[in-house]
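Shown below: entry-v4.cif, with mmCIF, C-alpha atoms.
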```
data_entry
#
loop_
_atom_site.label_atom_id
_atom_site.label_comp_id
_atom_site.auth_asym_id
_atom_site.auth_seq_id
_atom_site.Cartn_x
_atom_site.Cartn_y
_atom_site.Cartn_z
CA MET C 279 86.65 99.15 112.47
CA VAL C 280 90.11 100.47 111.57
CA VAL C 281 93.14 98.83 113.15
CA PHE C 282 96.48 100.61 113.20
CA LEU C 283 99.50 98.40 113.50
CA ALA C 284 102.53 99.60 115.41
CA ASN C 285 105.82 100.07 113.63
CA GLN C 286 106.89 96.40 113.38
CA ALA C 287 110.55 97.25 112.71
CA ASN C 288 110.70 99.49 115.78
CA LEU C 289 109.12 96.78 117.95
CA GLN C 290 111.61 94.19 116.68
CA SER C 291 114.51 96.54 117.35
CA LYS C 292 113.25 97.36 120.83
CA ARG C 293 112.87 93.65 121.69
CA LEU C 294 116.36 92.90 120.40
CA HIS C 295 117.87 95.69 122.48
CA ASP C 296 115.91 94.50 125.52
CA ARG C 297 117.43 91.03 125.02
CA ILE C 298 120.92 92.56 124.76
CA GLN C 299 120.17 94.48 127.96
CA ASN C 300 119.20 91.23 129.70
CA ARG C 301 122.43 89.57 128.54
CA LEU C 302 124.64 92.39 129.83
CA SER C 303 122.87 92.64 133.18
CA GLY C 304 124.90 89.74 134.61
CA GLU C 305 128.35 91.26 134.07
CA PHE C 306 127.72 95.00 133.94
CA GLU C 307 126.13 97.53 136.28
CA ASN C 308 123.48 100.14 135.59
CA VAL C 309 122.52 98.43 132.32
CA HIS C 310 119.84 100.30 130.43
CA ARG C 311 118.47 100.88 126.96
CA ARG C 312 118.42 104.42 125.63
CA ARG C 313 117.36 106.05 122.40
CA ALA C 314 120.25 106.76 120.08
CA GLU C 315 121.29 110.38 119.86
CA ALA C 316 120.86 112.28 116.59
CA ARG C 317 124.52 111.74 115.60
CA GLU C 318 124.28 107.98 116.22
CA ALA C 319 122.92 105.53 113.66
CA GLY C 320 120.22 103.06 114.61
CA PRO C 321 117.36 103.61 117.04
CA TYR C 322 118.79 102.39 120.37
CA ARG C 323 121.89 101.75 122.44
CA VAL C 324 122.30 99.42 125.40
CA VAL C 325 124.72 100.87 127.93
CA GLY C 326 126.38 99.15 130.87
CA ASP C 327 129.01 100.32 133.35
CA VAL C 328 131.91 98.09 134.36
CA ASN C 329 135.05 98.02 136.47
CA PRO C 330 137.75 97.32 133.85
CA GLN C 331 140.13 95.86 136.41
CA GLN C 332 137.60 93.13 137.20
CA LEU C 333 136.30 92.50 133.68
CA LEU C 334 139.77 92.44 132.13
CA ASP C 335 141.19 90.49 135.09
CA ASP C 336 144.00 93.03 135.44
CA ASP C 337 144.53 94.72 138.82
CA GLU C 338 147.07 97.04 137.19
CA TYR C 339 144.69 98.39 134.56
CA PRO C 340 144.99 102.20 134.85
CA VAL C 341 141.29 103.14 135.12
CA ALA C 342 138.53 101.93 137.40
CA THR C 343 135.47 102.84 135.31
CA ALA C 344 134.39 102.14 131.76
CA ARG C 345 131.22 101.38 129.88
CA VAL C 346 130.06 99.28 126.99
CA GLU C 347 127.58 100.64 124.44
CA ILE C 348 125.93 98.33 121.93
CA GLY C 349 123.52 99.26 119.17
CA VAL C 350 122.01 97.28 116.31
CA GLN C 351 120.21 98.61 113.26
CA LEU C 352 117.92 96.11 111.58
CA GLN C 353 116.64 96.47 108.01
CA THR C 354 119.61 98.30 106.56
CA GLY C 355 119.04 97.50 102.91
CA GLU C 356 122.08 95.24 103.16
CA PRO C 357 121.97 91.44 103.58
CA HIS C 358 123.10 91.94 107.19
CA GLU C 359 122.39 94.18 110.18
CA TYR C 360 124.58 97.09 111.20
CA TYR C 361 125.96 97.17 114.72
CA TRP C 362 128.21 99.20 116.96
CA PHE C 363 129.91 97.56 119.92
CA ASN C 364 132.00 100.09 121.84
CA TRP C 365 134.20 100.06 124.94
CA ILE C 366 134.44 103.60 126.31
CA GLU C 367 136.75 104.98 129.00
CA PRO C 368 135.71 108.59 129.63
CA GLU C 369 138.66 109.25 131.95
CA ARG C 370 141.22 108.60 129.19
CA GLY C 371 139.00 109.53 126.24
CA LEU C 372 139.30 106.02 124.81
CA LEU C 373 136.84 104.31 122.51
CA VAL C 374 137.54 100.86 121.07
CA GLY C 375 134.75 99.38 119.02
CA TRP C 376 133.64 97.03 116.31
CA HIS C 377 131.46 98.74 113.72
CA GLN C 378 129.54 96.86 111.06
CA ASP C 379 128.14 99.69 109.00
CA ASP C 380 128.50 101.50 105.70
CA THR C 381 131.65 103.42 106.59
CA HIS C 382 135.20 102.44 105.66
CA ASP C 383 134.13 100.18 102.79
CA ASP C 384 137.81 99.69 101.97
CA LEU C 385 138.13 97.64 105.19
CA GLY C 386 135.19 95.38 104.46
CA PRO C 387 131.83 95.21 106.24
CA VAL C 388 133.33 95.30 109.77
CA HIS C 389 136.15 97.34 111.23
CA LEU C 390 137.71 97.73 114.66
CA GLN C 391 138.08 101.41 115.47
CA THR C 392 140.06 103.26 118.12
CA ASN C 393 139.30 106.87 119.03
CA HIS C 394 140.86 109.38 121.36
CA GLY C 395 137.89 111.52 122.30
CA ALA C 396 136.01 112.22 119.09
CA THR C 397 139.14 111.77 116.95
CA PRO C 398 139.63 108.41 115.22
CA VAL C 399 143.23 107.17 115.52
CA ALA C 400 143.00 103.71 113.93
CA HIS C 401 140.73 101.60 111.76
CA GLU C 402 141.48 97.93 111.13
CA SER C 403 139.56 95.33 109.17
CA ALA C 404 137.75 92.90 111.51
CA GLN C 405 136.09 89.53 111.17
CA PHE C 406 132.59 89.54 109.70
CA ILE C 407 130.30 87.34 111.80
CA ASP C 408 127.35 86.12 109.75
CA SER C 409 125.10 85.28 112.67
CA HIS C 410 122.15 86.47 114.77
CA PRO C 411 122.86 89.80 116.53
CA LEU C 412 122.76 88.16 119.97
CA ASP C 413 125.46 85.71 118.88
CA VAL C 414 127.49 88.64 117.54
CA VAL C 415 127.18 90.35 120.94
CA GLU C 416 128.32 87.18 122.69
CA ARG C 417 131.31 86.71 120.41
CA ARG C 418 132.34 90.36 120.67
CA LEU C 419 132.08 90.14 124.47
CA ASN C 420 134.44 87.15 124.33
CA SER C 421 136.93 89.19 122.25
CA LEU C 422 136.60 92.42 124.22
CA ARG C 423 139.53 91.84 126.58
CA ASP C 424 141.95 91.24 123.68
CA ALA C 425 140.73 94.31 121.79
CA VAL C 426 141.04 96.65 124.79
CA LEU C 427 144.46 95.35 125.78
CA ALA C 428 145.67 95.65 122.14
CA VAL C 429 145.41 99.45 122.23
CA GLU C 430 148.85 100.98 121.83
CA TRP C 431 149.62 104.11 123.83
CA GLU C 432 152.13 106.95 123.48
CA GLN C 433 152.36 109.81 125.94
CA GLY C 434 149.02 108.91 127.53
CA ARG C 435 147.12 108.82 124.22
CA PRO C 436 145.88 105.85 122.19
CA VAL C 437 147.72 105.74 118.86
CA GLY C 438 146.65 102.44 117.31
CA LEU C 439 146.10 98.74 117.74
CA ASP C 440 148.38 95.75 117.93
CA THR C 441 146.54 93.91 115.15
CA PHE C 442 148.28 90.64 115.94
CA ALA C 443 146.70 90.70 119.41
CA THR C 444 143.20 91.52 118.08
CA GLY C 445 143.20 88.92 115.32
CA SER C 446 142.25 91.60 112.78
CA GLU C 447 142.62 90.74 109.16
#
```
Target encoding structure tokens, full file:
Amino acid sequence: MVVFLANQANLQSKRLHDRIQNRLSGEFENVHRRRAEAREAGPYRVVGDVNPQQLLDDDEYPVATARVEIGVQLQTGEPHEYYWFNWIEPERGLLVGWHQDDTHDDLGPVHLQTNHGATPVAHESAQFIDSHPLDVVERRLNSLRDAVLAVEWEQGRPVGLDTFATGSE
């Protein structure tokens, strides 16, 4: 009898993303796991919709819809996982996200990135969290409000980050 084993790494990644999905389900709406697109690293993303005014506890916040997208890539060849934790506001073309990957080596293993649409406008070094991916998700969720509110705007476009407010290095 021949037994074929499933791709263990893929199963681990799927389980991890399912656990992230379960964690987000309490605070976000329409939370689901999806396969990463060809331009995205890692196999999956967990996506959840949110009302920024409620999550950020700011009735004056200028948009009423946003989403969070989180992806983790296990077995990177590095001593740590890669992850992408992004806040996205489609209405204003804003992305604010922590990325622990192999880009921007000059900033260290983790950077906080701000985009306007597909165009990056700022990259700042961010704290490396040497912990289980679910703990990283929890800690980034706790820092999300500060990161989003630290975005600096000029003429309706994000232009950078107030690094003092984000605690970036």
From (139.2, 94.6, 137.2), in the file's coordinates, out to 12 Å: which residues are reached, counting only C-alpha atoms? Answer as a PDB file with C-alpha atoms, in the coordinates of the input.
```pdb
ATOM      1  CA  GLU C 305     128.350  91.260 134.070  1.00  0.00           C
ATOM      2  CA  PHE C 306     127.720  95.000 133.940  1.00  0.00           C
ATOM      3  CA  VAL C 328     131.910  98.090 134.360  1.00  0.00           C
ATOM      4  CA  ASN C 329     135.050  98.020 136.470  1.00  0.00           C
ATOM      5  CA  PRO C 330     137.750  97.320 133.850  1.00  0.00           C
ATOM      6  CA  GLN C 331     140.130  95.860 136.410  1.00  0.00           C
ATOM      7  CA  GLN C 332     137.600  93.130 137.200  1.00  0.00           C
ATOM      8  CA  LEU C 333     136.300  92.500 133.680  1.00  0.00           C
ATOM      9  CA  LEU C 334     139.770  92.440 132.130  1.00  0.00           C
ATOM     10  CA  ASP C 335     141.190  90.490 135.090  1.00  0.00           C
ATOM     11  CA  ASP C 336     144.000  93.030 135.440  1.00  0.00           C
ATOM     12  CA  ASP C 337     144.530  94.720 138.820  1.00  0.00           C
ATOM     13  CA  GLU C 338     147.070  97.040 137.190  1.00  0.00           C
ATOM     14  CA  TYR C 339     144.690  98.390 134.560  1.00  0.00           C
ATOM     15  CA  PRO C 340     144.990 102.200 134.850  1.00  0.00           C
ATOM     16  CA  VAL C 341     141.290 103.140 135.120  1.00  0.00           C
ATOM     17  CA  ALA C 342     138.530 101.930 137.400  1.00  0.00           C
ATOM     18  CA  THR C 343     135.470 102.840 135.310  1.00  0.00           C
ATOM     19  CA  ALA C 344     134.390 102.140 131.760  1.00  0.00           C
ATOM     20  CA  ARG C 423     139.530  91.840 126.580  1.00  0.00           C
TER      21      ARG C 423
END
```
Original post:
Between atom CA of C:Trp376 and atom CA of C:Gln290, what is the spacing in Å?
Top reply: 22.2 Å
Original post:
Which value, in Å to one decimal, gives the distance between atom CA of C:Glu359 and atom CA of C:Ala425?
Top reply: 21.7 Å
Subject >> Atomic separation - atom CA of C:Gln391 relative to atom CA of C:Val415, Å >> reply: 16.5 Å
Residues of stretch 289-391 of chain C that approach stretch 397-414 of chain C to 7 Å or less, counting all atoms listed in the file: could you list each one with the shortest pair of atoms and its distance in Å to one decimal, rows by chain and increasing residue number, as CSV?
```
residue,atom,partner,partner_atom,distance
C:Ile298,CA,C:Leu412,CA,6.8
C:Leu385,CA,C:Ser403,CA,4.8
C:Gly386,CA,C:Ser403,CA,6.4
C:Pro387,CA,C:Phe406,CA,6.7
C:Val388,CA,C:Ala404,CA,5.3
C:His389,CA,C:Ser403,CA,4.5
C:Leu390,CA,C:Glu402,CA,5.2
C:Gln391,CA,C:His401,CA,4.6
```
Original post:
Residues picked by the PyMOL selection byres ((chain C and resi 294-297) around 8) here, as a ChimeraX atom specification?
Top reply: /C:290-293,298-301,311,322-324,349-350,412
Under the PyMOL selection byres ((chain C and resi 428) around 7), which residues of this model are included? Write them out as a PDB file with C-alpha atoms, keeping the file's coordinate frame.
```pdb
ATOM      1  CA  ASP C 424     141.950  91.240 123.680  1.00  0.00           C
ATOM      2  CA  ALA C 425     140.730  94.310 121.790  1.00  0.00           C
ATOM      3  CA  VAL C 426     141.040  96.650 124.790  1.00  0.00           C
ATOM      4  CA  LEU C 427     144.460  95.350 125.780  1.00  0.00           C
ATOM      5  CA  VAL C 429     145.410  99.450 122.230  1.00  0.00           C
ATOM      6  CA  GLU C 430     148.850 100.980 121.830  1.00  0.00           C
ATOM      7  CA  LEU C 439     146.100  98.740 117.740  1.00  0.00           C
ATOM      8  CA  ASP C 440     148.380  95.750 117.930  1.00  0.00           C
ATOM      9  CA  ALA C 443     146.700  90.700 119.410  1.00  0.00           C
ATOM     10  CA  THR C 444     143.200  91.520 118.080  1.00  0.00           C
TER      11      THR C 444
END
```
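Nearest to C:Glu369 of all the residues C:Arg345, C:Gly438, C:His310, C:Gln351 is C:Arg345, based on all atoms listed in the file.
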Pull out every residue that the PyMOL selection byres ((chain C and resi 394) around 10) matches in the shown coordinates and put them as a short mmCIF file (atom, residue, chain, number, x, y, z; two decimals) with C-alpha atoms, keeping the file's coordinate frame.
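Done, and the output landed in part.cif:
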```cif
data_model
loop_
_atom_site.label_atom_id
_atom_site.label_comp_id
_atom_site.auth_asym_id
_atom_site.auth_seq_id
_atom_site.Cartn_x
_atom_site.Cartn_y
_atom_site.Cartn_z
CA ILE C 366 134.44 103.60 126.31
CA GLU C 367 136.75 104.98 129.00
CA PRO C 368 135.71 108.59 129.63
CA ARG C 370 141.22 108.60 129.19
CA GLY C 371 139.00 109.53 126.24
CA LEU C 372 139.30 106.02 124.81
CA LEU C 373 136.84 104.31 122.51
CA VAL C 374 137.54 100.86 121.07
CA THR C 392 140.06 103.26 118.12
CA ASN C 393 139.30 106.87 119.03
CA GLY C 395 137.89 111.52 122.30
CA ALA C 396 136.01 112.22 119.09
CA THR C 397 139.14 111.77 116.95
CA PRO C 398 139.63 108.41 115.22
CA VAL C 399 143.23 107.17 115.52
CA ALA C 400 143.00 103.71 113.93
CA ARG C 435 147.12 108.82 124.22
CA PRO C 436 145.88 105.85 122.19
CA VAL C 437 147.72 105.74 118.86
CA GLY C 438 146.65 102.44 117.31
#
```
Original post:
Which is closest to C:Val346 among C:Leu302, C:His377, C:Tyr360, C:Asp383, if we use all atoms listed in the file?
Top reply: C:Leu302
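Of the residues under consideration (C:Gly326, C:Gln378, C:Gly320, C:Trp431), C:Gln378 shows the shortest atom-to-atom contact distance to C:Pro357 when counting only C-alpha atoms.
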Each side padded by 3 Å, which centre and which edge lengths in Å (one decimal) define the axis-aligned box around the listed atoms of stretch 423-437 of chain C? Give them as lines of an AutoDock Vina configuration file.
```
center_x = 145.9
center_y = 100.5
center_z = 123.2
size_x = 18.8
size_y = 24.6
size_z = 14.7
```
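Checking C:Val309, C:Pro321, C:Glu432, C:Arg418 one by one against C:Thr354, counting only C-alpha atoms, you find the shortest gap at C:Pro321.
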Original post:
Out of C:Asp384, C:Gln353, C:Gly434, C:Trp365, which residue has the shortest atom-to-atom distance to C:Ser421 when counting only C-alpha atoms?
Top reply: C:Trp365
For stretch 351-372 of chain C, which lacks atoms in the input, supply N, CA, C and O atoms and format the output as a PDB file, in the frame of the given file.
```
ATOM      1  N   GLN C 351     121.197  98.063 114.189  1.00  0.00           N
ATOM      2  CA  GLN C 351     120.210  98.610 113.260  1.00  0.00           C
ATOM      3  C   GLN C 351     119.762  97.484 112.336  1.00  0.00           C
ATOM      4  O   GLN C 351     120.558  96.949 111.569  1.00  0.00           O
ATOM      5  N   LEU C 352     118.499  97.125 112.445  1.00  0.00           N
ATOM      6  CA  LEU C 352     117.920  96.110 111.580  1.00  0.00           C
ATOM      7  C   LEU C 352     117.468  96.768 110.280  1.00  0.00           C
ATOM      8  O   LEU C 352     117.351  97.980 110.191  1.00  0.00           O
ATOM      9  N   GLN C 353     117.190  95.990 109.284  1.00  0.00           N
ATOM     10  CA  GLN C 353     116.640  96.470 108.010  1.00  0.00           C
ATOM     11  C   GLN C 353     117.458  97.632 107.445  1.00  0.00           C
ATOM     12  O   GLN C 353     117.005  98.766 107.369  1.00  0.00           O
ATOM     13  N   THR C 354     118.666  97.301 107.050  1.00  0.00           N
ATOM     14  CA  THR C 354     119.610  98.300 106.560  1.00  0.00           C
ATOM     15  C   THR C 354     119.621  98.432 105.047  1.00  0.00           C
ATOM     16  O   THR C 354     120.294  99.305 104.521  1.00  0.00           O
ATOM     17  N   GLY C 355     118.929  97.546 104.358  1.00  0.00           N
ATOM     18  CA  GLY C 355     119.040  97.500 102.910  1.00  0.00           C
ATOM     19  C   GLY C 355     120.207  96.641 102.467  1.00  0.00           C
ATOM     20  O   GLY C 355     120.431  96.436 101.287  1.00  0.00           O
ATOM     21  N   GLU C 356     120.970  96.152 103.409  1.00  0.00           N
ATOM     22  CA  GLU C 356     122.080  95.240 103.160  1.00  0.00           C
ATOM     23  C   GLU C 356     121.618  93.834 103.558  1.00  0.00           C
ATOM     24  O   GLU C 356     120.620  93.678 104.257  1.00  0.00           O
ATOM     25  N   PRO C 357     122.356  92.797 103.167  1.00  0.00           N
ATOM     26  CA  PRO C 357     121.970  91.440 103.580  1.00  0.00           C
ATOM     27  C   PRO C 357     122.292  91.134 105.042  1.00  0.00           C
ATOM     28  O   PRO C 357     122.102  90.011 105.499  1.00  0.00           O
ATOM     29  N   HIS C 358     122.777  92.137 105.783  1.00  0.00           N
ATOM     30  CA  HIS C 358     123.100  91.940 107.190  1.00  0.00           C
ATOM     31  C   HIS C 358     122.754  93.209 107.979  1.00  0.00           C
ATOM     32  O   HIS C 358     122.561  94.278 107.408  1.00  0.00           O
ATOM     33  N   GLU C 359     122.668  93.050 109.294  1.00  0.00           N
ATOM     34  CA  GLU C 359     122.390  94.180 110.180  1.00  0.00           C
ATOM     35  C   GLU C 359     123.644  95.046 110.306  1.00  0.00           C
ATOM     36  O   GLU C 359     124.748  94.610 110.017  1.00  0.00           O
ATOM     37  N   TYR C 360     123.461  96.253 110.780  1.00  0.00           N
ATOM     38  CA  TYR C 360     124.580  97.090 111.200  1.00  0.00           C
ATOM     39  C   TYR C 360     124.641  96.998 112.721  1.00  0.00           C
ATOM     40  O   TYR C 360     123.610  96.844 113.387  1.00  0.00           O
ATOM     41  N   TYR C 361     125.848  97.103 113.261  1.00  0.00           N
ATOM     42  CA  TYR C 361     125.960  97.170 114.720  1.00  0.00           C
ATOM     43  C   TYR C 361     127.179  97.988 115.115  1.00  0.00           C
ATOM     44  O   TYR C 361     128.103  98.186 114.331  1.00  0.00           O
ATOM     45  N   TRP C 362     127.132  98.443 116.357  1.00  0.00           N
ATOM     46  CA  TRP C 362     128.210  99.200 116.960  1.00  0.00           C
ATOM     47  C   TRP C 362     128.405  98.631 118.351  1.00  0.00           C
ATOM     48  O   TRP C 362     127.458  98.568 119.145  1.00  0.00           O
ATOM     49  N   PHE C 363     129.594  98.170 118.638  1.00  0.00           N
ATOM     50  CA  PHE C 363     129.910  97.560 119.920  1.00  0.00           C
ATOM     51  C   PHE C 363     131.135  98.291 120.446  1.00  0.00           C
ATOM     52  O   PHE C 363     132.250  98.072 119.979  1.00  0.00           O
ATOM     53  N   ASN C 364     130.937  99.196 121.404  1.00  0.00           N
ATOM     54  CA  ASN C 364     132.000 100.090 121.840  1.00  0.00           C
ATOM     55  C   ASN C 364     132.345  99.938 123.314  1.00  0.00           C
ATOM     56  O   ASN C 364     131.457  99.853 124.163  1.00  0.00           O
ATOM     57  N   TRP C 365     133.643  99.955 123.595  1.00  0.00           N
ATOM     58  CA  TRP C 365     134.200 100.060 124.940  1.00  0.00           C
ATOM     59  C   TRP C 365     134.624 101.507 125.090  1.00  0.00           C
ATOM     60  O   TRP C 365     135.370 102.037 124.245  1.00  0.00           O
ATOM     61  N   ILE C 366     134.169 102.177 126.143  1.00  0.00           N
ATOM     62  CA  ILE C 366     134.440 103.600 126.310  1.00  0.00           C
ATOM     63  C   ILE C 366     135.004 103.856 127.701  1.00  0.00           C
ATOM     64  O   ILE C 366     134.416 103.426 128.706  1.00  0.00           O
ATOM     65  N   GLU C 367     136.141 104.544 127.740  1.00  0.00           N
ATOM     66  CA  GLU C 367     136.750 104.980 129.000  1.00  0.00           C
ATOM     67  C   GLU C 367     136.758 106.505 129.010  1.00  0.00           C
ATOM     68  O   GLU C 367     137.658 107.125 128.437  1.00  0.00           O
ATOM     69  N   PRO C 368     135.772 107.124 129.644  1.00  0.00           N
ATOM     70  CA  PRO C 368     135.710 108.590 129.630  1.00  0.00           C
ATOM     71  C   PRO C 368     136.944 109.256 130.238  1.00  0.00           C
ATOM     72  O   PRO C 368     137.387 110.299 129.744  1.00  0.00           O
ATOM     73  N   GLU C 369     137.516 108.650 131.266  1.00  0.00           N
ATOM     74  CA  GLU C 369     138.660 109.250 131.950  1.00  0.00           C
ATOM     75  C   GLU C 369     139.861 109.448 131.022  1.00  0.00           C
ATOM     76  O   GLU C 369     140.565 110.447 131.103  1.00  0.00           O
ATOM     77  N   ARG C 370     140.083 108.493 130.118  1.00  0.00           N
ATOM     78  CA  ARG C 370     141.220 108.600 129.190  1.00  0.00           C
ATOM     79  C   ARG C 370     140.784 108.966 127.773  1.00  0.00           C
ATOM     80  O   ARG C 370     141.609 109.051 126.869  1.00  0.00           O
ATOM     81  N   GLY C 371     139.501 109.172 127.568  1.00  0.00           N
ATOM     82  CA  GLY C 371     139.000 109.530 126.240  1.00  0.00           C
ATOM     83  C   GLY C 371     139.160 108.417 125.232  1.00  0.00           C
ATOM     84  O   GLY C 371     139.332 108.675 124.046  1.00  0.00           O
ATOM     85  N   LEU C 372     139.090 107.167 125.687  1.00  0.00           N
ATOM     86  CA  LEU C 372     139.300 106.020 124.810  1.00  0.00           C
ATOM     87  C   LEU C 372     137.988 105.414 124.361  1.00  0.00           C
ATOM     88  O   LEU C 372     137.077 105.219 125.161  1.00  0.00           O
TER      89      LEU C 372
END
```
